[in-house]
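**Student:** Handing you this structure, nothing more for now.
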Amino acid sequence: MVKKTLRDLDFNGKRVFVRVDFNVPLNERGEVADDTRIRAALPTIEYLLAGWAAVILASHLGRPKGKRDDRFSLRPVAERLGALTGRQVRFAGEAVGPETEAASRELAPGEMMLLENVRFYPGEEQNDPEFASRLAALADLYVNDAFGTAHRAHASTAGIAAHLPAVAGFLMEKELDILGRLLSAPERPFVALIGGAKISDKIGVLERLIEKADYLLVGGGMANTFLAAQGHNLQASLVEADRLDLARNLLAKAGPGERITLPIDLVVAPDRMQPENRTTVAVESIPAGWAAFDVGSGTVRLYANRLRPARTIFWNGPVGLFEVPGFDEGTLGLARVIAASEATTVVGGGDTIAAVRQAGVLNRVTHVSTGGGASLKLLEGRELPGVAVLQNR
Ligand code: ADP
Ligand code: MG
């Protein structure tokens with residue numbers, strides 16, 4: 001379903017409510033520690049301001065659980081947005097209510113205002129129709145550019161669209177386009193690298209990617225469960241004993257051959273606190289009582305050989321405990337292989353992006369998806385609530 005975007009909207013002289021994802025990390029002094037998400041919203045904001053809209057921005061930050069909590073105020077974000085755009089950013093200390101409604105009417109075309117954290121109000125996460133209508137009272141039109149929150153049916157991401165004409169912003173459009181193409185028309189070979197701690201976090205995506213990708217390369221803790229399902233003794237490694245049947249079913253679904261490719265060697269240690277005692281062994285030779293914390297160099301070479309001819313690569317999930325030096329080589333090595341590829345490369349997931357950044361190659365992938373949960377839900381083939389409410393072309 002192709003959604004209408006900003007380009008389909010007549011917003012000149014109108015008040016436009018823009019749901020953005022300004023859920024940024026703050027440092028100990030309460031300042032914005034990483035403004036990637038603010039920058040990601042700038043094309044939509046600048047386009048609206050240049051086209052003479054009065055822009056009302058709304059976001060959540062952290063998990064204040066429906067009550068005011070100054071640690072999660074968006075005020076520092078208003079300051080950073082002002083610095084990034086060189087424009088004045090008004091700040092509404094209440095996201096809804098008569099004062100904010102008056103401020104929204106006074107906002108001139110070409111000006112912008114940021115609302116306080118919408119999750120200070122219980123109605124946001126409950127998708128309360130009353131709260132949604134109070135948000136809608138601030139504007140004439142609605143733009144959803146918060147892809148990272150689009151898998152949640154909240155008042156500012158979904159409920160508000162019952163009251164206002166609703167379209168996608170540029171970031172939302174780009175995410176839907178690039179991730180949608182992975183499922184509908186990927187250039188082949190299409191190779192997916194999936195890691196992370198557990199299979200149970202990513203069942204839907206695994207099932208879908210087995211159908212869509214030519215090769216599925218598995219790493220991280222979840223690979224242990226696949227290897228155990230094949231009969232290997234993983235010793236003290238993280239294995240989801242209740243997911244062995246699921247792993248067997250996925251392997252059966254992939255059929256014979258190597259459509260699902262598993263590690264051939266692993267970096268093992270007596271426990272996670274002893275990376276200095278690590279050694280690399282074949283998957284059938286883990287010492288008694290030891291555990292796997294990374295894929296071995298043989299696996300990196302095998303996966304690199306699969307990745308090299310790819311025309312499309314999707315990566316979600318580190319292939320080891322990459323936060324611990326010594327258990328990060330597989331993840332960083334594969335990040336560099338993916339960065340060097342000529343393919344369309346798409347990476348998603350908070351930890352995966354952190355790993356790609358750690359490898360120093362974040363600017364060498366085609367698309368860094370800003371949505372963790374939202375990207376995975378979309379790849380499962382599910383319609384996201386924050387997308388479903390937008391007008392179709
Ligand atoms: P993302 O945030 O990119 O979606 P996940 O949260 O699914 O990724 O997975 C990342 C986590 O998985 C990291 O904290 C990493 O340490 C952990 N992990 C990966 N492999 C292993 C392993 N072999 N043992 C323990 N933890 C692992
Ligand atoms: Mg994570």
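The way I read the labels, and the way they are meant: chains A, B, ... in the order of the structure tokens, residue 1 as the first residue of every chain, and ligand 1 as the first ligand shown, with later ones counted on from there.
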According to DSSP computed on the backbone, where in range 63-311 of chain A is there alpha helix (DSSP H)? Give the residues as a CSV table (one decimal) with C-alpha atoms, in the first residue's frame.
**Tutor:**
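Output saved as part-v1.csv:
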chain,number,residue,atom,x,y,z
A,75,ARG,CA,13.3,20.9,26.6
A,76,PRO,CA,16.9,20.0,25.8
A,77,VAL,CA,15.8,18.7,22.5
A,78,ALA,CA,14.2,22.0,21.6
A,79,GLU,CA,17.5,23.7,22.3
A,80,ARG,CA,19.4,21.3,20.0
A,81,LEU,CA,16.8,21.6,17.3
A,82,GLY,CA,17.2,25.3,17.5
A,83,ALA,CA,21.0,25.0,17.2
A,84,LEU,CA,20.7,22.6,14.2
A,85,THR,CA,18.2,24.7,12.2
A,98,PRO,CA,-6.0,25.7,26.5
A,99,GLU,CA,-2.6,27.4,26.8
A,100,THR,CA,-0.9,25.2,24.2
A,101,GLU,CA,-4.0,25.5,21.9
A,102,ALA,CA,-3.7,29.3,22.1
A,103,ALA,CA,0.1,29.1,21.4
A,104,SER,CA,-0.6,26.9,18.3
A,105,ARG,CA,-3.1,29.5,17.0
A,106,GLU,CA,-0.5,32.2,17.5
A,122,PRO,CA,-1.5,8.4,30.4
A,123,GLY,CA,-3.7,8.9,27.4
A,124,GLU,CA,-0.8,8.7,25.0
A,125,GLU,CA,0.1,5.0,25.4
A,129,PRO,CA,-9.6,9.0,22.0
A,130,GLU,CA,-10.1,12.0,24.3
A,131,PHE,CA,-6.3,12.6,24.5
A,132,ALA,CA,-6.0,12.1,20.7
A,133,SER,CA,-8.7,14.7,20.1
A,134,ARG,CA,-6.9,17.2,22.4
A,135,LEU,CA,-3.7,16.7,20.4
A,136,ALA,CA,-5.6,17.1,17.1
A,170,PHE,CA,10.1,11.9,4.4
A,171,LEU,CA,11.8,9.7,6.9
A,172,MET,CA,8.8,7.5,7.2
A,173,GLU,CA,8.5,7.4,3.4
A,174,LYS,CA,12.2,6.4,3.0
A,175,GLU,CA,12.0,3.6,5.7
A,176,LEU,CA,8.8,2.1,4.2
A,177,ASP,CA,10.3,2.3,0.7
A,178,ILE,CA,13.7,0.7,1.5
A,179,LEU,CA,12.4,-2.0,3.9
A,180,GLY,CA,9.4,-2.7,1.8
A,181,ARG,CA,11.6,-3.4,-1.2
A,182,LEU,CA,13.5,-6.0,0.8
A,183,LEU,CA,10.3,-8.0,0.9
A,184,SER,CA,8.8,-7.2,-2.5
A,203,ILE,CA,10.8,-15.6,15.3
A,204,GLY,CA,8.6,-13.7,12.9
A,205,VAL,CA,11.5,-12.1,11.0
A,206,LEU,CA,13.3,-15.4,10.7
A,207,GLU,CA,10.3,-17.1,9.3
A,208,ARG,CA,9.8,-14.3,6.8
A,209,LEU,CA,13.4,-14.0,5.7
A,210,ILE,CA,13.7,-17.7,5.1
A,211,GLU,CA,11.0,-17.2,2.4
A,212,LYS,CA,12.5,-14.0,1.0
A,221,GLY,CA,23.4,-16.5,20.9
A,222,MET,CA,20.6,-17.5,18.6
A,223,ALA,CA,23.0,-19.6,16.5
A,224,ASN,CA,23.7,-21.7,19.6
A,225,THR,CA,20.1,-22.8,19.7
A,226,PHE,CA,20.2,-23.8,16.0
A,227,LEU,CA,23.5,-25.7,16.5
A,228,ALA,CA,22.0,-27.5,19.6
A,229,ALA,CA,18.9,-28.4,17.5
A,244,LEU,CA,14.9,-26.3,19.8
A,245,ASP,CA,11.7,-27.5,18.0
A,246,LEU,CA,11.3,-24.1,16.5
A,247,ALA,CA,14.9,-24.1,15.3
A,248,ARG,CA,14.4,-27.6,13.8
A,249,ASN,CA,11.3,-26.4,12.0
A,250,LEU,CA,13.1,-23.4,10.6
A,251,LEU,CA,15.9,-25.6,9.4
A,252,ALA,CA,13.4,-28.0,7.8
A,253,LYS,CA,11.6,-25.1,6.1
A,254,ALA,CA,14.9,-23.9,4.6
A,297,SER,CA,37.3,-16.4,12.1
A,298,GLY,CA,36.5,-19.4,9.9
A,299,THR,CA,32.8,-18.5,10.2
A,300,VAL,CA,33.6,-14.8,9.3
A,301,ARG,CA,35.4,-16.0,6.2
A,302,LEU,CA,32.5,-18.4,5.3
A,303,TYR,CA,29.9,-15.6,5.8
A,304,ALA,CA,32.1,-13.1,3.9
A,305,ASN,CA,32.1,-15.5,0.9
A,306,ARG,CA,28.3,-15.6,1.0
A,307,LEU,CA,28.0,-11.8,1.4
**Student:** Produce as a list in words the set of residues near ligand 2, where near means within 10 Å with only C-alpha atoms and all ligand atoms considered.
**Tutor:**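 Every residue with an atom at most 10 Å from ligand 2 is listed here: Gly196, Ala197, Asp201, Asn316, Gly317, Pro318, Gly348, Gly349, Gly350, Asp351, Thr352, Ile353, Ala354, Gly372 and Gly373 of chain A.
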**Student:** CA of Val20 in chain A to CA of Asp145 in chain A: how many Å, to one decimal?
**Tutor:**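 We find that CA of Val20 in chain A and CA of Asp145 in chain A lie 5.1 Å from each other.
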**Student:** Could you check the closest approach to Val16 in chain A for each of A:Met273, A:Met113, A:Ala241, A:Val218 and tell me which residue wins, using only C-alpha atoms?
**Tutor:**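 Answer, going by the shortest atom-to-atom distance: A:Met113.
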**Student:** Considering only C-alpha atoms, state which residue in the set A:Trp290, A:Tyr142, A:Phe91, A:Phe327 is at the smallest distance from Lys14 in chain A.
**Tutor:**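 Ranking A:Trp290, A:Tyr142, A:Phe91, A:Phe327 by distance to Lys14 in chain A, first place goes to A:Tyr142.
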**Student:** Using only C-alpha atoms, find the one residue out of A:Pro43, A:Gly330, A:Gly169, A:Pro109 that sits nearest to Val18 in chain A.
**Tutor:** A:Gly169
**Student:** Within 9 Å of Pro25 in chain A, counting only C-alpha atoms, which residues qualify if same-chain residues fewer than 6 places away don't, as a list of chain:residue names?
**Tutor:**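 That gives A:Glu31, A:Val32, A:Ala33, A:Asp34, A:Asp35, A:Leu61, A:Gly62.
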**Student:** Save out the residues we just selected, N, CA, C and O atoms, as a CSV table (one decimal), in the first residue's frame.
**Tutor:**
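Result went into out_30.csv, see below:
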chain,number,residue,atom,x,y,z
A,31,GLU,N,21.9,16.8,28.8
A,31,GLU,CA,22.0,17.4,27.4
A,31,GLU,C,21.9,16.2,26.4
A,31,GLU,O,22.1,15.1,26.7
A,32,VAL,N,21.5,16.6,25.2
A,32,VAL,CA,21.4,15.6,24.1
A,32,VAL,C,22.7,15.0,23.9
A,32,VAL,O,23.7,15.7,23.5
A,33,ALA,N,22.8,13.6,24.0
A,33,ALA,CA,24.1,13.0,23.9
A,33,ALA,C,24.4,12.5,22.4
A,33,ALA,O,25.5,12.4,22.0
A,34,ASP,N,23.3,12.3,21.7
A,34,ASP,CA,23.4,11.9,20.3
A,34,ASP,C,22.2,12.5,19.5
A,34,ASP,O,21.0,12.1,19.9
A,35,ASP,N,22.4,13.3,18.6
A,35,ASP,CA,21.3,14.0,17.9
A,35,ASP,C,20.9,13.4,16.5
A,35,ASP,O,20.2,14.0,15.7
A,61,LEU,N,10.0,10.7,24.9
A,61,LEU,CA,11.4,10.5,25.2
A,61,LEU,C,11.4,9.6,26.5
A,61,LEU,O,10.8,9.9,27.5
A,62,GLY,N,12.0,8.5,26.4
A,62,GLY,CA,12.1,7.6,27.5
A,62,GLY,C,10.8,6.9,27.9
A,62,GLY,O,9.9,6.9,27.1
**Student:** Out of A:Val281, A:Val268, A:Ala288, A:Ala192, which residue has the shortest atom-to-atom distance to ligand 1 when counting only C-alpha atoms and all ligand atoms?
**Tutor:**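 Closest to ligand 1, using only C-alpha atoms and all ligand atoms: A:Val268.
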**Student:** Report as a PyMOL selection string all protein, DNA and RNA residues lying within 12 Å of Asn277 in chain A, evaluated on only C-alpha atoms, omitting residues in the same chain fewer than 6 positions from it.
**Tutor:** chain A and resi 267-271+290-291+293+326-327
**Student:** For range 319-324 of chain A, find every residue with an atom within 6 Å (counting only C-alpha atoms), except residues of its own chain fewer than 4 positions away, and show them as a PDB file with N, CA and C atoms, in the first residue's frame.
**Tutor:**
ATOM      1  N   GLY A 195      21.545 -11.984  13.899  1.00  0.00           N
ATOM      2  CA  GLY A 195      22.175 -12.396  15.148  1.00  0.00           C
ATOM      3  C   GLY A 195      21.383 -11.891  16.333  1.00  0.00           C
ATOM      4  N   GLY A 219      24.072 -15.862  13.408  1.00  0.00           N
ATOM      5  CA  GLY A 219      25.166 -15.748  14.369  1.00  0.00           C
ATOM      6  C   GLY A 219      24.645 -15.393  15.741  1.00  0.00           C
ATOM      7  N   GLY A 220      25.574 -15.159  16.676  1.00  0.00           N
ATOM      8  CA  GLY A 220      25.183 -14.731  18.014  1.00  0.00           C
ATOM      9  C   GLY A 220      24.612 -15.869  18.839  1.00  0.00           C
ATOM     10  N   PHE A 293      30.899 -17.139  22.851  1.00  0.00           N
ATOM     11  CA  PHE A 293      30.549 -15.719  22.939  1.00  0.00           C
ATOM     12  C   PHE A 293      30.756 -14.967  21.629  1.00  0.00           C
ATOM     13  N   ASP A 294      31.200 -15.654  20.598  1.00  0.00           N
ATOM     14  CA  ASP A 294      31.391 -14.979  19.304  1.00  0.00           C
ATOM     15  C   ASP A 294      31.524 -16.067  18.246  1.00  0.00           C
ATOM     16  N   ASP A 328      34.275  -9.321  20.297  1.00  0.00           N
ATOM     17  CA  ASP A 328      33.689  -8.393  19.317  1.00  0.00           C
ATOM     18  C   ASP A 328      34.225  -8.586  17.899  1.00  0.00           C
ATOM     19  N   THR A 331      31.691  -9.727  15.028  1.00  0.00           N
ATOM     20  CA  THR A 331      30.731  -8.668  14.702  1.00  0.00           C
ATOM     21  C   THR A 331      31.407  -7.533  13.940  1.00  0.00           C
TER      22      THR A 331
END
**Student:** Do a neighbour search on Pro165 in chain A at 8 Å with only C-alpha atoms, toss out local chain neighbours closer than 6 positions, and write the hits as a PyMOL selection string.
**Tutor:** chain A and resi 140-142+391
**Student:** So which residues of range 294-372 of chain A fall under strand (DSSP E) by DSSP, listed as a list in words?
**Tutor:**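 Of range 294-372 of chain A, only Asp294, Val295, Thr312, Ile313, Phe314, Trp315, Asn316, Thr344, Thr345, Val346, Val347, His367 and Val368 of chain A fall in strand (DSSP E).
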**Student:** For the residues in that selection, give me all heavy atoms as an mmCIF file, in the first residue's frame.
**Tutor:**
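Saved result, out05.cif, follows:
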data_model
loop_
_atom_site.group_PDB
_atom_site.id
_atom_site.type_symbol
_atom_site.label_atom_id
_atom_site.label_comp_id
_atom_site.auth_asym_id
_atom_site.auth_seq_id
_atom_site.Cartn_x
_atom_site.Cartn_y
_atom_site.Cartn_z
ATOM 1 N N ASP A 294 31.200 -15.654 20.598
ATOM 2 C CA ASP A 294 31.391 -14.979 19.304
ATOM 3 C C ASP A 294 31.524 -16.067 18.246
ATOM 4 O O ASP A 294 31.778 -17.239 18.580
ATOM 5 C CB ASP A 294 32.669 -14.120 19.348
ATOM 6 C CG ASP A 294 32.783 -13.126 18.181
ATOM 7 O OD1 ASP A 294 31.801 -12.997 17.405
ATOM 8 O OD2 ASP A 294 33.853 -12.496 18.055
ATOM 9 N N VAL A 295 31.363 -15.675 16.988
ATOM 10 C CA VAL A 295 31.666 -16.622 15.915
ATOM 11 C C VAL A 295 33.181 -16.578 15.667
ATOM 12 O O VAL A 295 33.832 -15.562 15.915
ATOM 13 C CB VAL A 295 30.886 -16.308 14.619
ATOM 14 C CG1 VAL A 295 29.382 -16.416 14.860
ATOM 15 C CG2 VAL A 295 31.242 -14.939 14.060
ATOM 16 N N THR A 312 21.886 -7.466 -2.425
ATOM 17 C CA THR A 312 21.141 -6.847 -1.326
ATOM 18 C C THR A 312 21.544 -7.547 -0.037
ATOM 19 O O THR A 312 21.619 -8.785 -0.005
ATOM 20 C CB THR A 312 19.611 -7.028 -1.519
ATOM 21 O OG1 THR A 312 19.236 -6.519 -2.794
ATOM 22 C CG2 THR A 312 18.830 -6.304 -0.426
ATOM 23 N N ILE A 313 21.846 -6.749 1.004
ATOM 24 C CA ILE A 313 22.210 -7.324 2.306
ATOM 25 C C ILE A 313 21.366 -6.653 3.380
ATOM 26 O O ILE A 313 21.246 -5.417 3.415
ATOM 27 C CB ILE A 313 23.713 -7.093 2.623
ATOM 28 C CG1 ILE A 313 24.593 -7.834 1.608
ATOM 29 C CG2 ILE A 313 24.033 -7.545 4.057
ATOM 30 C CD1 ILE A 313 26.086 -7.499 1.729
ATOM 31 N N PHE A 314 20.768 -7.475 4.241
ATOM 32 C CA PHE A 314 20.109 -6.944 5.432
ATOM 33 C C PHE A 314 20.793 -7.530 6.649
ATOM 34 O O PHE A 314 21.059 -8.734 6.696
ATOM 35 C CB PHE A 314 18.616 -7.316 5.440
ATOM 36 C CG PHE A 314 17.947 -6.941 6.744
ATOM 37 C CD1 PHE A 314 17.687 -5.611 7.048
ATOM 38 C CD2 PHE A 314 17.593 -7.911 7.669
ATOM 39 C CE1 PHE A 314 17.098 -5.258 8.261
ATOM 40 C CE2 PHE A 314 17.004 -7.565 8.884
ATOM 41 C CZ PHE A 314 16.750 -6.238 9.179
ATOM 42 N N TRP A 315 21.093 -6.667 7.613
ATOM 43 C CA TRP A 315 21.744 -7.151 8.839
ATOM 44 C C TRP A 315 21.021 -6.649 10.072
ATOM 45 O O TRP A 315 20.825 -5.443 10.232
ATOM 46 C CB TRP A 315 23.207 -6.689 8.908
ATOM 47 C CG TRP A 315 23.924 -7.169 10.145
ATOM 48 C CD1 TRP A 315 23.575 -8.232 10.941
ATOM 49 C CD2 TRP A 315 25.105 -6.609 10.733
ATOM 50 N NE1 TRP A 315 24.472 -8.369 11.980
ATOM 51 C CE2 TRP A 315 25.414 -7.377 11.882
ATOM 52 C CE3 TRP A 315 25.919 -5.535 10.392
ATOM 53 C CZ2 TRP A 315 26.503 -7.098 12.692
ATOM 54 C CZ3 TRP A 315 27.018 -5.260 11.202
ATOM 55 C CH2 TRP A 315 27.307 -6.038 12.337
ATOM 56 N N ASN A 316 20.605 -7.570 10.915
ATOM 57 C CA ASN A 316 20.116 -7.223 12.259
ATOM 58 C C ASN A 316 20.662 -8.221 13.263
ATOM 59 O O ASN A 316 20.483 -9.427 13.110
ATOM 60 C CB ASN A 316 18.581 -7.231 12.312
ATOM 61 C CG ASN A 316 18.094 -7.155 13.755
ATOM 62 O OD1 ASN A 316 17.860 -8.174 14.387
ATOM 63 N ND2 ASN A 316 17.997 -5.961 14.286
ATOM 64 N N THR A 344 23.215 -3.083 -2.062
ATOM 65 C CA THR A 344 22.369 -2.246 -1.216
ATOM 66 C C THR A 344 22.418 -2.855 0.170
ATOM 67 O O THR A 344 22.033 -4.010 0.360
ATOM 68 C CB THR A 344 20.914 -2.254 -1.734
ATOM 69 O OG1 THR A 344 20.916 -1.727 -3.055
ATOM 70 C CG2 THR A 344 20.014 -1.432 -0.838
ATOM 71 N N THR A 345 22.948 -2.113 1.135
ATOM 72 C CA THR A 345 23.113 -2.666 2.479
ATOM 73 C C THR A 345 22.194 -1.931 3.449
ATOM 74 O O THR A 345 22.192 -0.704 3.518
ATOM 75 C CB THR A 345 24.576 -2.532 2.940
ATOM 76 O OG1 THR A 345 25.019 -1.187 2.719
ATOM 77 C CG2 THR A 345 25.484 -3.472 2.158
ATOM 78 N N VAL A 346 21.403 -2.701 4.167
ATOM 79 C CA VAL A 346 20.442 -2.140 5.113
ATOM 80 C C VAL A 346 20.732 -2.728 6.479
ATOM 81 O O VAL A 346 20.777 -3.958 6.626
ATOM 82 C CB VAL A 346 18.991 -2.480 4.696
ATOM 83 C CG1 VAL A 346 17.983 -1.884 5.686
ATOM 84 C CG2 VAL A 346 18.709 -1.981 3.280
ATOM 85 N N VAL A 347 20.968 -1.871 7.481
ATOM 86 C CA VAL A 347 21.192 -2.381 8.836
ATOM 87 C C VAL A 347 20.165 -1.771 9.774
ATOM 88 O O VAL A 347 19.751 -0.629 9.608
ATOM 89 C CB VAL A 347 22.625 -2.110 9.356
ATOM 90 C CG1 VAL A 347 23.666 -2.736 8.458
ATOM 91 C CG2 VAL A 347 22.888 -0.625 9.534
ATOM 92 N N HIS A 367 21.650 2.156 4.010
ATOM 93 C CA HIS A 367 20.541 2.652 4.823
ATOM 94 C C HIS A 367 20.631 2.125 6.246
ATOM 95 O O HIS A 367 20.730 0.918 6.457
ATOM 96 C CB HIS A 367 19.204 2.229 4.196
ATOM 97 C CG HIS A 367 18.010 2.705 4.973
ATOM 98 N ND1 HIS A 367 17.666 4.029 5.068
ATOM 99 C CD2 HIS A 367 17.108 2.043 5.722
ATOM 100 C CE1 HIS A 367 16.598 4.157 5.826
ATOM 101 N NE2 HIS A 367 16.236 2.963 6.242
ATOM 102 N N VAL A 368 20.626 3.040 7.190
ATOM 103 C CA VAL A 368 20.582 2.677 8.606
ATOM 104 C C VAL A 368 19.151 2.909 9.062
ATOM 105 O O VAL A 368 18.693 4.039 9.130
ATOM 106 C CB VAL A 368 21.555 3.556 9.424
ATOM 107 C CG1 VAL A 368 21.480 3.195 10.899
ATOM 108 C CG2 VAL A 368 22.981 3.404 8.909
#
**Student:** Which value, in Å to one decimal, gives the distance between CA of Ala374 in chain A and CA of Thr149 in chain A?
**Tutor:**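 Spanning CA of Ala374 in chain A to CA of Thr149 in chain A is a straight-line distance of 6.6 Å.
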**Student:** Skipping near chain neighbours, those fewer than 6 positions away, what residues fall within 8 Å of Arg259 in chain A using only C-alpha atoms, listed as a PDB file with C-alpha atoms, in the first residue's frame?
**Tutor:**
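Written file, selection_7.pdb:
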ATOM      1  CA  ILE A 210      13.675 -17.749   5.087  1.00  0.00           C
ATOM      2  CA  ASP A 214      18.534 -16.440  -0.825  1.00  0.00           C
ATOM      3  CA  TYR A 215      20.803 -17.022   2.171  1.00  0.00           C
ATOM      4  CA  LEU A 216      20.220 -16.538   5.851  1.00  0.00           C
TER       5      LEU A 216
END
